[in-house]
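Following: one structure in structure tokens, then a few remarks.
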Amino acid sequence: MGERMSLALSDGLTELDGLLADYKHEPRILDPQDARILGECIRELRSKARDLENRLSRDLWNGAARAERDADAERIAEAACQPGSNVRLFPVIPRPFSDGRPGGAA
């Protein structure tokens with residue numbers, strides 16, 4: 001989520017619209033080289049649109065999952081706090097400590 005949002009898609013569409021401006025006012029023929037350039041621009045913009053859609057989908061999916069986990073945690077916490085609840089914390093068990101040196105405590 002630390003990624004900055006790119007304006008390449010909207011800027012590219014604006015540029016493409018500008019390239020097509022001459023075709024809006026009078027009939028013109030699109031030669032094969034211009035058609036190839038136009039096709040490449042469209043493919044590049046489609047790729048940028050798909051990247052944006054994937055980022056949005058990922059963020060929405062992760063947000064929904066986070067909200068679901070938070071709701072589950074809240075429900076469990078409420079159940080644990082009810083009088084007579086059988087939900088208990090695990091007891092704290094002392095763990096052996098090792099300082100990592102040979103012959104040190106286990």
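Here, A, B, ... name the chains of the structure tokens in the order displayed, residue numbers run from 1 inside each chain, and ligands are numbered from 1 in the same displayed order.
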
Residues of segment 27-49 of chain A that approach segment 19-22 of chain A to 12 Å or less, counting only C-alpha atoms: could you list each one with the shortest pair of atoms and its distance in Å to one decimal, rows by chain and increasing residue number, as a tab-separated table?
residue	atom	partner	partner_atom	distance
A:Pro27	CA	A:Asp22	CA	8.8
A:Arg28	CA	A:Asp22	CA	8.1
A:Ile29	CA	A:Asp22	CA	10.8
A:Leu30	CA	A:Leu20	CA	10.2
A:Asp34	CA	A:Leu19	CA	10.1
A:Ala35	CA	A:Leu20	CA	11.3
A:Ile37	CA	A:Leu19	CA	10.5
A:Leu38	CA	A:Leu19	CA	9.0
A:Cys41	CA	A:Leu19	CA	10.6

Export C-alpha atoms of the chosen residues as a PDB file, in the first residue's frame?
ATOM      1  CA  PRO A  27     -12.530  12.000 -42.847  1.00  0.00           C
ATOM      2  CA  ARG A  28      -9.032  10.578 -42.924  1.00  0.00           C
ATOM      3  CA  ILE A  29      -7.509   7.221 -43.716  1.00  0.00           C
ATOM      4  CA  LEU A  30      -5.478   5.466 -41.057  1.00  0.00           C
ATOM      5  CA  ASP A  34      -0.434   4.533 -37.635  1.00  0.00           C
ATOM      6  CA  ALA A  35      -2.767   1.601 -36.967  1.00  0.00           C
ATOM      7  CA  ILE A  37       1.096   2.593 -33.260  1.00  0.00           C
ATOM      8  CA  LEU A  38      -2.534   2.994 -32.196  1.00  0.00           C
ATOM      9  CA  CYS A  41      -0.896   2.434 -27.366  1.00  0.00           C
TER      10      CYS A  41
END

Spatial neighbours of Leu7 of chain A, 12 Å, only C-alpha atoms, chain gap at least 5 places, as a list in words: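 Listed by chain and then number, they are Gly12, Leu13, Thr14, Leu45, Lys48, Ala49 and Leu52 of chain A.
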
Put those residues in a file: C-alpha atoms, as an mmCIF file, in the first residue's frame.
data_model
loop_
_atom_site.group_PDB
_atom_site.id
_atom_site.type_symbol
_atom_site.label_atom_id
_atom_site.label_comp_id
_atom_site.auth_asym_id
_atom_site.auth_seq_id
_atom_site.Cartn_x
_atom_site.Cartn_y
_atom_site.Cartn_z
ATOM 1 C CA GLY A 12 -2.062 8.004 -21.782
ATOM 2 C CA LEU A 13 -5.760 8.174 -22.624
ATOM 3 C CA THR A 14 -5.557 11.964 -22.850
ATOM 4 C CA LEU A 45 -3.089 1.371 -21.724
ATOM 5 C CA LYS A 48 -2.011 -0.238 -17.082
ATOM 6 C CA ALA A 49 -5.778 -0.565 -16.578
ATOM 7 C CA LEU A 52 -4.893 -0.806 -11.565
#

For atom CA of Ala73 of chain A and atom CA of Arg88 of chain A, determine how far apart the two atoms are, in Å to one decimal place.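 Computing it gives 14.8 Å between the two atoms.
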
I'd like to know which residues of chain A are helix (DSSP H, G or I) (by DSSP, run on the backbone); could you write them as a PyMOL selection string? chain A and resi 8-19+21-25+32-81

Nearby residues (only C-alpha atoms) at most 12 Å from Met5 of chain A, same-chain spacing under 3 positions excluded, as a PyMOL selection string: chain A and resi 1-2+8-10+48+51-52+55-56

Suppose you want the space between atom CA of Leu16 of chain A and atom CA of Ser57 of chain A; what is it in Å?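 Answer for the atom CA of Leu16 of chain A to atom CA of Ser57 of chain A separation: 26.3 Å.
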
How many Å separate atom CA of Tyr23 of chain A from atom CA of Ser47 of chain A?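 Atom CA of Ser47 of chain A lies 25.0 Å from atom CA of Tyr23 of chain A.
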